[in-house]
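As provided, run.csv (CSV, C-alpha atoms) reads as follows.
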```csv
chain,number,residue,atom,x,y,z
Y,539,MET,CA,3.3,-17.4,-25.0
Y,540,ALA,CA,1.5,-18.5,-21.9
Y,541,ALA,CA,0.0,-15.8,-19.7
Y,542,ALA,CA,1.7,-15.1,-16.4
Y,543,GLU,CA,0.2,-16.8,-13.3
Y,544,TRP,CA,0.4,-13.5,-11.4
Y,545,THR,CA,-0.2,-10.0,-12.8
Y,546,LEU,CA,-0.4,-6.7,-11.0
Y,547,VAL,CA,-2.5,-4.1,-12.8
Y,548,TYR,CA,-1.7,-0.6,-11.9
Y,549,HIS,CA,-1.3,2.8,-13.6
Y,550,GLY,CA,2.0,4.7,-13.7
Y,551,PRO,CA,5.6,3.9,-12.8
Y,552,PHE,CA,5.2,4.9,-9.1
Y,553,LYS,CA,4.6,3.2,-5.8
Y,554,GLY,CA,1.0,4.3,-5.1
Y,555,ARG,CA,-1.4,1.9,-3.6
Y,556,ALA,CA,0.2,-1.1,-5.3
Y,557,GLU,CA,3.5,-1.0,-3.4
Y,558,PRO,CA,2.3,-3.2,-0.5
Y,559,LEU,CA,1.3,-5.9,-3.0
Y,560,ARG,CA,4.8,-5.7,-4.6
Y,561,LEU,CA,6.4,-6.0,-1.2
Y,562,LEU,CA,4.5,-9.2,-0.4
Y,563,LEU,CA,5.1,-10.8,-3.8
Y,564,GLU,CA,8.8,-9.9,-3.7
Y,565,ASP,CA,9.2,-11.3,-0.2
Y,566,ALA,CA,7.5,-14.5,-1.2
Y,567,GLY,CA,9.7,-14.8,-4.3
Y,568,VAL,CA,6.7,-15.0,-6.6
Y,569,ALA,CA,7.3,-14.0,-10.2
Y,570,PHE,CA,4.7,-11.5,-11.4
Y,571,GLU,CA,4.1,-9.2,-14.4
Y,572,THR,CA,3.0,-5.6,-14.1
Y,573,GLN,CA,0.7,-4.0,-16.7
Y,574,ASN,CA,-0.9,-0.6,-16.9
Y,575,GLU,CA,-3.6,-1.3,-19.4
Y,576,PRO,CA,-6.4,-1.7,-20.0
Y,577,ILE,CA,-7.3,0.8,-17.2
Y,578,HIS,CA,-8.7,4.0,-18.7
Y,579,GLY,CA,-11.4,5.0,-21.1
Y,580,PRO,CA,-14.7,3.4,-22.2
Y,581,GLU,CA,-12.9,0.1,-23.0
Y,582,GLY,CA,-10.9,0.0,-19.8
Y,583,HIS,CA,-11.4,-2.4,-17.0
Y,584,MET,CA,-11.7,0.1,-14.2
Y,585,ASP,CA,-15.2,1.4,-13.9
Y,586,ALA,CA,-14.1,4.6,-12.1
Y,587,PHE,CA,-12.2,5.7,-15.2
Y,588,ARG,CA,-14.6,4.7,-17.9
Y,589,GLY,CA,-16.0,8.2,-18.3
Y,590,SER,CA,-19.8,7.8,-17.9
Y,591,PRO,CA,-22.5,5.6,-16.2
Y,592,GLU,CA,-23.4,4.4,-19.7
Y,593,ALA,CA,-19.9,3.2,-20.4
Y,594,VAL,CA,-19.8,1.3,-17.0
Y,595,LYS,CA,-22.8,-0.8,-18.2
Y,596,ALA,CA,-20.5,-2.8,-20.5
Y,597,ASP,CA,-19.1,-5.8,-18.7
Y,598,LEU,CA,-15.7,-6.2,-20.3
Y,599,SER,CA,-13.3,-7.3,-17.6
Y,600,THR,CA,-12.6,-10.7,-16.0
Y,601,TYR,CA,-14.5,-9.5,-13.0
Y,602,PRO,CA,-16.0,-6.0,-12.4
Y,603,VAL,CA,-13.5,-3.8,-10.5
Y,604,MET,CA,-13.6,-0.1,-9.6
Y,605,PHE,CA,-10.0,1.1,-9.2
Y,606,PRO,CA,-6.5,-0.2,-9.5
Y,607,PRO,CA,-4.5,-1.9,-8.1
Y,608,VAL,CA,-5.8,-5.2,-9.3
Y,609,ILE,CA,-4.3,-8.5,-8.6
Y,610,TRP,CA,-4.9,-10.9,-11.5
Y,611,HIS,CA,-4.3,-14.6,-10.6
Y,612,ARG,CA,-4.5,-17.3,-13.2
Y,613,PRO,CA,-3.6,-20.5,-11.4
Y,614,LYS,CA,-2.9,-23.6,-13.4
Y,615,ASP,CA,-5.6,-25.4,-11.4
Y,616,GLY,CA,-8.3,-23.3,-9.9
Y,617,GLU,CA,-10.5,-20.4,-10.5
Y,618,GLU,CA,-9.2,-17.2,-12.1
Y,619,VAL,CA,-9.2,-14.2,-9.7
Y,620,TYR,CA,-9.4,-10.6,-10.6
Y,621,VAL,CA,-9.9,-8.3,-7.6
Y,622,ASN,CA,-9.1,-4.7,-6.6
Y,623,GLN,CA,-8.7,-2.9,-3.2
Y,624,THR,CA,-5.3,-3.1,-1.6
Y,625,ALA,CA,-6.5,-4.9,1.5
Y,626,ALA,CA,-8.5,-7.5,-0.4
Y,627,CYS,CA,-5.5,-8.1,-2.7
Y,628,LEU,CA,-3.1,-8.5,0.2
Y,629,SER,CA,-5.4,-11.0,1.9
Y,630,TYR,CA,-5.9,-13.0,-1.2
Y,631,ILE,CA,-2.2,-13.1,-2.1
Y,632,GLY,CA,-1.3,-13.9,1.5
Y,633,GLY,CA,-3.6,-16.9,1.5
Y,634,GLN,CA,-2.1,-18.2,-1.7
Y,635,VAL,CA,1.6,-17.9,-0.9
Y,636,GLY,CA,1.9,-18.6,2.8
Y,637,TYR,CA,1.4,-15.4,4.6
Y,638,ASP,CA,-2.1,-16.1,6.0
Y,639,PRO,CA,-3.1,-15.7,9.7
Y,640,GLN,CA,-3.3,-19.0,11.6
Y,641,ASN,CA,-6.7,-18.6,13.2
Y,642,ALA,CA,-9.8,-16.4,13.2
Y,643,ALA,CA,-8.6,-14.1,16.0
Y,644,GLU,CA,-5.3,-13.4,14.3
Y,645,ARG,CA,-7.1,-12.8,11.0
Y,646,ALA,CA,-9.4,-10.3,12.6
Y,647,ARG,CA,-6.3,-8.4,13.9
Y,648,ALA,CA,-4.5,-8.7,10.6
Y,649,ASP,CA,-7.5,-7.3,8.6
Y,650,MET,CA,-8.0,-4.5,11.1
Y,651,ILE,CA,-4.4,-3.5,10.9
Y,652,THR,CA,-4.3,-3.7,7.1
Y,653,GLN,CA,-7.4,-1.5,6.7
Y,654,ASN,CA,-6.3,1.0,9.4
Y,655,CYS,CA,-3.0,1.4,7.5
Y,656,THR,CA,-4.8,2.0,4.2
Y,657,ASP,CA,-6.9,4.7,6.0
Y,658,PHE,CA,-3.7,6.3,7.4
Y,659,VAL,CA,-2.1,6.5,4.0
Y,660,SER,CA,-5.3,7.8,2.4
Y,661,GLU,CA,-5.6,10.5,5.1
Y,662,GLY,CA,-2.0,11.5,4.7
Y,663,ARG,CA,-2.4,11.6,0.9
Y,664,GLY,CA,-5.5,13.8,1.3
Y,665,SER,CA,-3.5,16.5,3.0
Y,666,PHE,CA,-1.6,17.0,-0.3
Y,667,HIS,CA,-4.9,17.4,-2.2
Y,668,PRO,CA,-7.0,19.7,0.0
Y,669,VAL,CA,-8.5,21.7,-2.9
Y,670,ASN,CA,-9.2,19.0,-5.4
Y,671,PRO,CA,-8.9,15.4,-4.2
Y,672,LYS,CA,-8.4,14.2,-7.8
Y,673,GLY,CA,-6.1,17.0,-8.9
Y,674,PRO,CA,-2.3,16.9,-8.9
Y,675,TYR,CA,-0.3,18.3,-6.0
Y,676,LYS,CA,1.4,20.9,-8.2
Y,677,GLU,CA,-1.9,22.6,-9.0
Y,678,GLN,CA,-2.7,23.1,-5.3
Y,679,GLN,CA,0.8,23.2,-3.9
Y,680,GLU,CA,0.4,26.3,-1.6
Y,681,ALA,CA,-2.7,24.9,0.1
Y,682,ALA,CA,-1.3,21.4,0.1
Y,683,ASP,CA,1.9,22.5,1.8
Y,684,LYS,CA,-0.1,24.2,4.6
Y,685,ALA,CA,-2.5,21.2,5.0
Y,686,SER,CA,0.3,18.6,5.0
Y,687,LYS,CA,2.2,20.6,7.6
Y,688,VAL,CA,-0.9,20.7,9.8
Y,689,PHE,CA,-1.3,16.9,9.3
Y,690,THR,CA,2.3,16.4,10.3
Y,691,GLU,CA,1.8,18.3,13.5
Y,692,SER,CA,-1.4,16.6,14.5
Y,693,ARG,CA,-2.9,13.5,12.8
Y,694,LEU,CA,0.4,12.0,11.8
Y,695,LEU,CA,1.4,11.8,15.4
Y,696,VAL,CA,-1.9,10.3,16.5
Y,697,TRP,CA,-1.5,7.5,13.9
Y,698,LEU,CA,2.2,6.9,14.7
Y,699,GLN,CA,1.3,6.6,18.4
Y,700,HIS,CA,-1.5,4.2,17.6
Y,701,PHE,CA,1.0,2.0,15.6
Y,702,GLU,CA,3.5,2.3,18.5
Y,703,LYS,CA,0.9,1.0,21.0
Y,704,LEU,CA,-0.1,-1.8,18.7
Y,705,LEU,CA,3.4,-3.0,18.2
Y,706,LYS,CA,4.2,-2.9,21.9
Y,707,ARG,CA,1.6,-5.7,22.3
Y,708,THR,CA,3.8,-8.0,20.2
Y,709,GLY,CA,7.2,-6.7,21.2
Y,710,GLY,CA,8.2,-4.8,18.1
Y,711,ALA,CA,10.4,-7.0,15.9
Y,712,LYS,CA,7.7,-9.7,15.6
Y,713,PRO,CA,4.7,-10.3,13.4
Y,714,VAL,CA,2.2,-7.6,14.1
Y,715,ALA,CA,-1.0,-9.7,14.2
Y,716,GLY,CA,0.4,-11.7,17.1
Y,717,GLY,CA,0.9,-15.1,15.3
Y,718,PRO,CA,4.1,-17.0,14.8
Y,719,LYS,CA,4.6,-15.9,11.2
Y,720,VAL,CA,4.7,-12.7,9.2
Y,721,THR,CA,1.3,-12.1,7.5
Y,722,TYR,CA,0.0,-9.7,4.8
Y,723,ALA,CA,-0.7,-7.2,7.6
Y,724,ASP,CA,3.1,-6.8,8.2
Y,725,PHE,CA,3.7,-5.6,4.6
Y,726,MET,CA,0.9,-3.1,4.8
Y,727,LEU,CA,2.1,-1.7,8.1
Y,728,PHE,CA,5.7,-1.6,7.0
Y,729,HIS,CA,4.7,0.3,3.9
Y,730,ALA,CA,2.6,2.8,5.9
Y,731,LEU,CA,5.6,3.5,8.2
Y,732,ASP,CA,8.0,3.6,5.3
Y,733,ALA,CA,5.8,6.1,3.6
Y,734,ALA,CA,5.7,8.3,6.7
Y,735,ARG,CA,9.4,8.2,7.0
Y,736,ALA,CA,10.0,9.0,3.3
Y,737,GLN,CA,7.4,11.8,3.1
Y,738,PHE,CA,7.8,13.6,6.4
Y,739,ASN,CA,11.4,13.3,7.4
Y,740,THR,CA,12.5,16.4,5.6
Y,741,ASP,CA,13.5,19.8,6.7
Y,742,PHE,CA,10.2,21.2,5.5
Y,743,TYR,CA,8.4,18.9,7.9
Y,744,GLU,CA,11.1,19.4,10.6
Y,745,LYS,CA,12.2,15.8,10.5
Y,746,ALA,CA,8.9,14.6,11.9
Y,747,TRP,CA,9.8,10.9,11.7
Y,748,ASP,CA,13.1,11.3,13.5
Y,749,LYS,CA,11.4,13.4,16.2
Y,750,ALA,CA,8.5,11.0,16.7
Y,751,ASP,CA,8.7,9.1,20.0
Y,752,ILE,CA,8.0,5.7,18.5
Y,753,PRO,CA,11.0,3.5,19.3
Y,754,VAL,CA,9.1,0.2,19.0
Y,755,ALA,CA,7.6,1.2,15.6
Y,756,LYS,CA,11.0,2.3,14.4
Y,757,ALA,CA,12.6,-1.0,15.5
Y,758,TYR,CA,9.8,-2.9,13.7
Y,759,HIS,CA,10.3,-0.9,10.6
Y,760,ALA,CA,14.0,-1.7,10.6
Y,761,TRP,CA,13.2,-5.4,11.3
Y,762,MET,CA,10.9,-5.7,8.3
Y,763,GLU,CA,13.3,-3.6,6.1
Y,764,SER,CA,16.1,-6.1,6.8
Y,765,ARG,CA,14.3,-9.1,5.3
Y,766,PRO,CA,16.7,-10.5,2.7
Y,767,LYS,CA,14.3,-10.6,-0.3
Y,768,LEU,CA,13.1,-7.1,0.5
Y,769,GLN,CA,16.7,-5.9,0.6
Y,770,ALA,CA,17.2,-7.4,-2.8
Y,771,TYR,CA,14.1,-5.6,-4.1
Y,772,PHE,CA,15.1,-2.3,-2.6
Y,773,ALA,CA,18.5,-2.5,-4.4
Y,774,SER,CA,16.9,-3.4,-7.7
Y,775,ASP,CA,15.5,-1.3,-10.5
Y,776,ARG,CA,12.1,-2.9,-9.9
Y,777,ARG,CA,11.5,-0.6,-7.0
Y,778,ASN,CA,9.9,2.8,-8.0
Y,779,PRO,CA,11.1,5.9,-6.2
Y,780,TRP,CA,8.9,7.9,-3.9
Y,781,SER,CA,7.1,10.7,-5.6
Y,782,GLY,CA,7.9,13.2,-2.9
Y,783,ASP,CA,4.3,14.2,-2.4
Y,784,SER,CA,1.1,12.3,-1.4
Y,785,MET,CA,2.9,9.6,0.5
Y,786,MET,CA,3.0,7.7,-2.8
```
This entry written out as structure tokens:
Amino acid sequence: MAAAEWTLVYHGPFKGRAEPLRLLLEDAGVAFETQNEPIHGPEGHMDAFRGSPEAVKADLSTYPVMFPPVIWHRPKDGEEVYVNQTAACLSYIGGQVGYDPQNAAERARADMITQNCTDFVSEGRGSFHPVNPKGPYKEQQEAADKASKVFTESRLLVWLQHFEKLLKRTGGAKPVAGGPKVTYADFMLFHALDAARAQFNTDFYEKAWDKADIPVAKAYHAWMESRPKLQAYFASDRRNPWSGDSMM
């Protein structure tokens, strides 16, 4: 059986950092496989999880990568690509399937927005792991609940107002990087807003999303959410549920 042209390598049946890649691929109508091995252990492809500096010396993967998610592209004609980092993966996929910025200025904005969104999600996730960044939420829940509540009342609002201001520049229900077409940055920003809504719009967080004064960002979120292929994805069993902690 021939290998799939597109493979998403990620651990676990949850959204995590791979979800923006899924959103882009689904919207593009691109068939892709998902696999969760080989990731861990001395024979795994992810150097962060190989256990020791000595194990990392072995060059076993298609191209050296540190963490998942990885996008693995095996085109019929062209060079095989195996890269990690959500922003890098989005940029590469976008260029291959028609979601690329149209000029250098738009690309600079798209890259900035994409990377700011990854920083936002990372910062939010960190508030759920204040004692041990690599440990599970359940093992530090008391401290995490306090830290995430502080995040909701402070930094979350700073980030949301930043996104609101950004979207006012383009008018809300339009591509965020300022060009004529949706780009990879739109899927990262949608995911960041969607994660904020899913995580922080509960009674515990006093419905922070509903209360946030970000009408343009909310309109943008609804606009992206209404895209037909995303709607089909949301209604399918391909979409993993939110974990309920960590904005993942």
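You can rank Y:Pro753, Y:Pro580, Y:His759, Y:Glu644 by their closest distance to Ala593 of chain Y using only C-alpha atoms, and at the top of that list sits Y:Pro580.
Going from atom CA of Leu562 of chain Y over to atom CA of Trp780 of chain Y, you cover 18.0 Å.
For the residues Y:Pro591, Y:His549, Y:Leu704, Y:Leu561, ranking by smallest atom-to-atom distance to Ile577 of chain Y using only C-alpha atoms places Y:His549 first.
From atom CA of Thr740 of chain Y back to atom CA of Glu564 of chain Y, the distance works out to 28.1 Å.
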10 Å contact set for segment 647-662 of chain Y, only C-alpha atoms, chain neighbours under 2 positions out, as a ChimeraX atom specification = /Y:554-555,558,623-626,628-629,638-639,642-645,664-667,685-686,689-690,693-694,697-698,701,704,713-717,721-731,733-734,737,783-786
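Using only C-alpha atoms, the shortest contact distance between Tyr675 of chain Y and any of Y:Arg663, Y:Ala750, Y:Val696, Y:Lys553 is found at Y:Arg663.
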